[in-house]
Amino acid sequence: MVVLSVPAEVTVILLDIEGTTTPIAFVKDILFPYVKENVKEYLQTHWGEEECQEDVSLLRKQAEEDSHLDGAVPIPAASGNGADDLQWMIQAVVDNVCWQMSLDRKTTALKQLQGHMWRAAFKAGHMKAEFFEDVVPAVRKWREAGMKVYVYSSGSVEAQKLLFGHSTEGDILELVDGHFDTKIGHKVESESYRKIASSIGCSTNNILFLTDVSREASAAEEAGVHVAVVVRPGNAGLTDDEKTHFSLITSFSELYLPSSA
Ligand SMILES: CSCCC(=O)C(=O)COP(=O)(O)O
Ligand SMILES: [Mg+2]
């Protein structure tokens with residue numbers, strides 16, 4: 001087995017979700033279709049609720065910022081003119097959400113609504129999050145060795161907690177010391193990793209970030225974070241340069257912690 005030695009200065013392991021702890025197929029074939037298929041009904045049912053109105057306001061603000069983009073779908077402000085107006089507005093939100101999802105956008109507005117929609121499905125037991133089989137045993141081992149384990153995903157913190165709280169491995173939320181999402185910044189921006197280190201109370205070089213996306217790995221690396229790119233079935237391929245530049249692992253069991261020897 002290939003082994004990647006974790007530098008002695010690392011005290012925090014920061015985990016991406018999609019393509020790292022969890023198969024991309026679970027996100028693309030289960031989580032995302034659930035949103036596309038149910039968003040209209042969800043909006044119709046929850047429209048009058050404060051949380052839903054906050055989600056719509058955030059989506060509208062995002063739509064304004066996106067107005068220069070090709071194919072962008074605007075969300076009009078409510079005119080208050082009866083049922084037809086409401087249905088028209090709901091349809092605009094549905095179209096906007098579907099447009100964003102067709103581009104796999106990681107906006108906070110989209111991720112917040114998705115998280116709220118998944119909540120009902122997870123809590124009712126209709127969905128269980130999949131984790132690669134090496135994840136839970138490795139995370140337990142790291143924690144026993146004194147490592148802190150954090151999650152940084154484009155999925156909202158609420159959605160992350162749903163996944164870890166309702167997984168095929170049971171409720172594994174207690175294995176995570178904390179969560180970060182795009183509210184701290186985007187995963188392809190190095191400043192996000194500096195902010196995460198500062199929020200945890202460590203230096204960037206105390207963190208090892210595991211991700212499947214090389215642009216995220218580069219951003220983290222630029223901030224001084226140690227990175228390993230995780231190669232899982234179904235993940236996007238890497239270029240030859242990326243394969244040479246980054247440390248690669250195919251399973252969390254390939255990480256060797258000197259402190260756990
Ligand atoms: C709480 S994870 C849901 C997956 C998701 O919405 C997503 O965008 C995955 O992004 P990641 O940063 O985990 O690759
Ligand atoms: Mg990922």
# chains A, B, ... in the order shown; residues from 1 in each chain; ligands from 1
>>> residues_around(residues="Cys52 of chain A", least_positions_apart="2", cutoff="12 Å", atoms="only C-alpha atoms", output="ChimeraX atom specification")
/A:39,42-50,54-59,90,93,109,112-117
>>> residues_near_ligand(ligand="ligand 1", cutoff="8 Å", atoms="only C-alpha atoms and all ligand atoms", output="PyMOL selection string")
chain A and resi 16-20+27+31-32+104-106+111+114-115+152-163+181+187+211-213
>>> write_last_selection(atoms="N, CA, C and O atoms", output="compact mmCIF listing (two decimals), in the first residue's frame")
# COMPACT_ATOMS: atom_id res chain seq x y z
N ASP A 16 -12.77 17.89 2.49
CA ASP A 16 -13.81 18.17 1.51
C ASP A 16 -14.82 17.01 1.58
O ASP A 16 -14.48 15.93 2.11
N ILE A 17 -16.02 17.22 1.06
CA ILE A 17 -17.00 16.12 1.09
C ILE A 17 -17.09 15.42 -0.28
O ILE A 17 -16.59 14.30 -0.44
N GLU A 18 -17.69 16.12 -1.25
CA GLU A 18 -17.98 15.47 -2.54
C GLU A 18 -16.68 15.05 -3.24
O GLU A 18 -15.81 15.87 -3.50
N GLY A 19 -16.54 13.77 -3.49
CA GLY A 19 -15.35 13.27 -4.18
C GLY A 19 -14.21 12.94 -3.23
O GLY A 19 -13.16 12.46 -3.65
N THR A 20 -14.41 13.23 -1.91
CA THR A 20 -13.35 12.99 -0.91
C THR A 20 -13.83 12.03 0.17
O THR A 20 -13.29 10.94 0.33
N VAL A 27 -23.87 12.64 -4.63
CA VAL A 27 -24.28 14.05 -4.75
C VAL A 27 -25.03 14.27 -6.07
O VAL A 27 -26.12 14.85 -6.09
N LEU A 31 -28.61 13.59 -4.25
CA LEU A 31 -28.88 14.89 -3.62
C LEU A 31 -29.38 15.93 -4.62
O LEU A 31 -30.40 16.60 -4.38
N PHE A 32 -28.67 16.09 -5.74
CA PHE A 32 -29.04 17.16 -6.68
C PHE A 32 -30.38 16.88 -7.38
O PHE A 32 -31.22 17.78 -7.47
N ASP A 104 -23.54 23.67 -11.97
CA ASP A 104 -22.95 23.22 -10.70
C ASP A 104 -22.35 24.39 -9.94
O ASP A 104 -21.23 24.32 -9.44
N ARG A 105 -23.13 25.49 -9.88
CA ARG A 105 -22.61 26.68 -9.18
C ARG A 105 -22.61 26.42 -7.67
O ARG A 105 -23.40 25.63 -7.17
N LYS A 106 -21.67 27.08 -7.00
CA LYS A 106 -21.49 26.83 -5.56
C LYS A 106 -21.85 28.09 -4.79
O LYS A 106 -21.18 28.43 -3.80
N LYS A 111 -26.77 26.93 -2.20
CA LYS A 111 -26.42 25.89 -1.22
C LYS A 111 -27.31 25.97 0.03
O LYS A 111 -27.62 24.96 0.64
N GLN A 114 -30.69 24.43 -0.97
CA GLN A 114 -30.54 22.97 -1.09
C GLN A 114 -30.52 22.32 0.30
O GLN A 114 -31.19 21.31 0.53
N GLY A 115 -29.74 22.91 1.21
CA GLY A 115 -29.63 22.35 2.56
C GLY A 115 -30.99 22.28 3.24
O GLY A 115 -31.33 21.30 3.89
N TYR A 152 -14.69 21.24 5.22
CA TYR A 152 -14.87 22.45 4.41
C TYR A 152 -15.46 22.03 3.08
O TYR A 152 -14.79 21.39 2.26
N SER A 153 -16.73 22.36 2.92
CA SER A 153 -17.43 21.95 1.69
C SER A 153 -18.21 23.14 1.16
O SER A 153 -18.58 24.05 1.92
N SER A 154 -18.48 23.13 -0.14
CA SER A 154 -19.38 24.15 -0.71
C SER A 154 -20.80 23.94 -0.22
O SER A 154 -21.60 24.87 -0.22
N GLY A 155 -21.14 22.71 0.16
CA GLY A 155 -22.45 22.46 0.75
C GLY A 155 -22.55 23.25 2.05
O GLY A 155 -21.56 23.38 2.78
N SER A 156 -23.73 23.77 2.36
CA SER A 156 -23.88 24.61 3.56
C SER A 156 -23.54 23.82 4.82
O SER A 156 -23.65 22.58 4.83
N VAL A 157 -23.17 24.53 5.87
CA VAL A 157 -22.85 23.86 7.14
C VAL A 157 -24.04 23.01 7.58
O VAL A 157 -23.89 21.88 8.04
N GLU A 158 -25.24 23.55 7.38
CA GLU A 158 -26.43 22.78 7.78
C GLU A 158 -26.51 21.47 6.98
O GLU A 158 -26.78 20.40 7.54
N ALA A 159 -26.23 21.55 5.68
CA ALA A 159 -26.27 20.34 4.85
C ALA A 159 -25.16 19.36 5.26
O ALA A 159 -25.38 18.15 5.32
N GLN A 160 -23.98 19.90 5.58
CA GLN A 160 -22.88 19.03 6.02
C GLN A 160 -23.29 18.24 7.27
O GLN A 160 -23.05 17.04 7.37
N LYS A 161 -23.94 18.96 8.21
CA LYS A 161 -24.34 18.30 9.46
C LYS A 161 -25.41 17.25 9.18
O LYS A 161 -25.46 16.21 9.85
N LEU A 162 -26.25 17.49 8.20
CA LEU A 162 -27.26 16.49 7.84
C LEU A 162 -26.58 15.22 7.32
O LEU A 162 -26.95 14.10 7.67
N LEU A 163 -25.58 15.41 6.46
CA LEU A 163 -24.88 14.26 5.89
C LEU A 163 -24.19 13.43 6.98
O LEU A 163 -24.32 12.21 7.02
N ASP A 181 -18.19 26.52 5.35
CA ASP A 181 -18.79 26.50 4.00
C ASP A 181 -18.41 27.78 3.26
O ASP A 181 -17.49 28.50 3.69
N LYS A 187 -13.86 27.93 -2.18
CA LYS A 187 -12.80 26.95 -1.97
C LYS A 187 -11.63 27.10 -2.93
O LYS A 187 -10.58 26.51 -2.72
N THR A 211 -8.77 16.98 -0.65
CA THR A 211 -9.80 17.34 -1.63
C THR A 211 -9.59 16.60 -2.94
O THR A 211 -8.47 16.15 -3.23
N ASP A 212 -10.65 16.51 -3.74
CA ASP A 212 -10.54 15.89 -5.06
C ASP A 212 -10.28 16.93 -6.15
O ASP A 212 -10.00 16.56 -7.30
N VAL A 213 -10.38 18.22 -5.82
CA VAL A 213 -10.35 19.27 -6.86
C VAL A 213 -9.01 20.00 -6.82
O VAL A 213 -8.66 20.65 -5.82
>>> closest_residue(among="A:Val94, A:Pro23, A:His186, A:Gly237", to="Thr107 of chain A", atoms="only C-alpha atoms")
A:His186
>>> atom_distance(atom1="atom CA of Ala25 of chain A", atom2="atom CA of Gly125 of chain A")
19.3 Å
>>> residues_around(residues="Trp99 of chain A", least_positions_apart="4", cutoff="12 Å", atoms="only C-alpha atoms", output="CSV table (one decimal) with N, CA and C atoms, in the first residue's frame")
chain,number,residue,atom,x,y,z
A,36,LYS,N,-33.9,19.3,-7.8
A,36,LYS,CA,-34.5,19.6,-9.1
A,36,LYS,C,-35.9,19.1,-9.1
A,59,LEU,N,-31.3,34.3,-3.0
A,59,LEU,CA,-31.3,33.9,-4.5
A,59,LEU,C,-31.5,35.1,-5.4
A,63,ALA,N,-29.0,36.6,-8.1
A,63,ALA,CA,-29.5,36.7,-9.5
A,63,ALA,C,-29.1,38.1,-10.0
A,66,ASP,N,-25.6,38.1,-10.9
A,66,ASP,CA,-25.3,37.2,-12.0
A,66,ASP,C,-25.9,37.8,-13.3
A,69,LEU,N,-24.2,37.4,-16.7
A,69,LEU,CA,-23.8,36.1,-17.2
A,69,LEU,C,-24.8,35.6,-18.3
A,70,ASP,N,-24.2,34.9,-19.2
A,70,ASP,CA,-25.0,34.3,-20.3
A,70,ASP,C,-26.0,33.3,-19.7
A,71,GLY,N,-27.3,33.5,-20.1
A,71,GLY,CA,-28.3,32.6,-19.7
A,71,GLY,C,-28.8,32.8,-18.3
A,72,ALA,N,-28.3,33.8,-17.6
A,72,ALA,CA,-28.8,34.1,-16.2
A,72,ALA,C,-30.3,34.3,-16.1
A,73,VAL,N,-30.9,33.8,-15.0
A,73,VAL,CA,-32.3,33.8,-14.9
A,73,VAL,C,-32.6,34.8,-13.7
A,74,PRO,N,-33.3,36.0,-14.1
A,74,PRO,CA,-33.6,37.0,-13.0
A,74,PRO,C,-34.8,36.5,-12.1
A,75,ILE,N,-34.8,37.0,-10.9
A,75,ILE,CA,-35.9,36.7,-10.0
A,75,ILE,C,-36.5,38.1,-9.7
A,92,ALA,N,-40.0,31.6,-11.5
A,92,ALA,CA,-38.7,32.3,-11.8
A,92,ALA,C,-37.6,31.7,-10.8
A,93,VAL,N,-38.0,31.5,-9.6
A,93,VAL,CA,-37.0,30.9,-8.6
A,93,VAL,C,-36.6,29.5,-9.0
A,94,VAL,N,-37.6,28.7,-9.4
A,94,VAL,CA,-37.3,27.4,-9.9
A,94,VAL,C,-36.4,27.4,-11.1
A,95,ASP,N,-36.6,28.3,-12.0
A,95,ASP,CA,-35.8,28.4,-13.2
A,95,ASP,C,-34.4,28.8,-12.9
A,103,LEU,N,-25.1,24.5,-14.0
A,103,LEU,CA,-23.7,24.9,-14.1
A,103,LEU,C,-22.9,24.4,-12.8
A,104,ASP,N,-23.5,23.7,-12.0
A,104,ASP,CA,-23.0,23.2,-10.7
A,104,ASP,C,-22.3,24.4,-9.9
A,105,ARG,N,-23.1,25.5,-9.9
A,105,ARG,CA,-22.6,26.7,-9.2
A,105,ARG,C,-22.6,26.4,-7.7
A,110,LEU,N,-27.7,29.3,-3.4
A,110,LEU,CA,-28.2,28.0,-3.9
A,110,LEU,C,-27.9,26.9,-2.8
>>> residues_around(residues="Leu255 of chain A", least_positions_apart="5", cutoff="8 Å", atoms="only C-alpha atoms", output="number ranges by chain")
A: 3-6, 249
>>> write_last_selection(atoms="N, CA and C atoms", output="tab-separated table (two decimals), in the first residue's frame")
chain	number	residue	atom	x	y	z
A	3	VAL	N	1.94	4.88	1.06
A	3	VAL	CA	1.72	5.59	2.32
A	3	VAL	C	2.19	7.03	2.18
A	4	LEU	N	1.36	7.95	2.64
A	4	LEU	CA	1.75	9.35	2.63
A	4	LEU	C	1.93	9.80	4.07
A	5	SER	N	3.16	10.19	4.37
A	5	SER	CA	3.46	10.59	5.74
A	5	SER	C	2.96	12.02	6.00
A	6	VAL	N	2.20	12.18	7.06
A	6	VAL	CA	1.66	13.51	7.39
A	6	VAL	C	2.74	14.29	8.12
A	249	ILE	N	-3.71	10.39	-2.84
A	249	ILE	CA	-4.10	9.19	-2.08
A	249	ILE	C	-5.41	8.65	-2.67
>>> select_by_dssp(residues="segment 208-257 of chain A", states="strand (DSSP E or B)", output="list in words")
Leu208, Phe209, Leu210, Thr211, His226, Val227, Ala228, Val229, Val230, Ser247, Leu248, Ile249, Leu255 and Tyr256 of chain A
>>> atom_distance(atom1="atom CA of Asn96 of chain A", atom2="atom CA of Glu65 of chain A")
12.6 Å
>>> select_by_dssp(residues="segment 2-249 of chain A", states="helix (DSSP H, G or I)", output="PyMOL selection string")
chain A and resi 24-46+50-65+82-102+108-123+135-144+157-165+173-175+190-200+204-206+214-222+240-245
>>> residues_around(residues="segment 131-135 of chain A", least_positions_apart="3", cutoff="6 Å", atoms="only C-alpha atoms", output="list in words")
Thr21, Thr22, Ala138 and Phe252 of chain A
>>> write_last_selection(atoms="C-alpha atoms", output="PDB file, in the first residue's frame")
ATOM      1  CA  THR A  21     -15.438  11.525   1.917  1.00  0.00           C
ATOM      2  CA  THR A  22     -18.456  10.830  -0.268  1.00  0.00           C
ATOM      3  CA  ALA A 138      -9.429   6.610   9.508  1.00  0.00           C
ATOM      4  CA  PHE A 252      -7.705   7.760   3.863  1.00  0.00           C
TER       5      PHE A 252
END
>>> closest_residue(among="A:Leu14, A:Leu173, A:Glu41, A:Phe164", to="ligand 2", atoms="only C-alpha atoms and all ligand atoms")
A:Leu14
>>> atom_distance(atom1="atom CA of Ala121 of chain A", atom2="atom CA of Gly178 of chain A")
23.1 Å
>>> residues_around(residues="Val227 of chain A", least_positions_apart="3", cutoff="9 Å", atoms="only C-alpha atoms", output="number ranges by chain")
A: 207-211, 217-218, 220-221, 246-247
>>> residues_around(residues="Leu238 of chain A", least_positions_apart="3", cutoff="9 Å", atoms="only C-alpha atoms", output="ChimeraX atom specification")
/A:213-214,231,241-243
>>> closest_residue(among="A:Gly165, A:His68, A:Val188, A:Ile24", to="ligand 2", atoms="only C-alpha atoms and all ligand atoms")
A:Ile24
>>> closest_residue(among="A:Ala8, A:Pro76, A:Lys28, A:Leu175", to="ligand 2", atoms="only C-alpha atoms and all ligand atoms")
A:Lys28
>>> closest_residue(among="A:Leu86, A:Met101, A:Met127, A:Leu15", to="ligand 2", atoms="only C-alpha atoms and all ligand atoms")
A:Leu15
>>> closest_residue(among="A:Glu144, A:Thr250, A:Phe122, A:Arg215", to="ligand 2", atoms="only C-alpha atoms and all ligand atoms")
A:Arg215
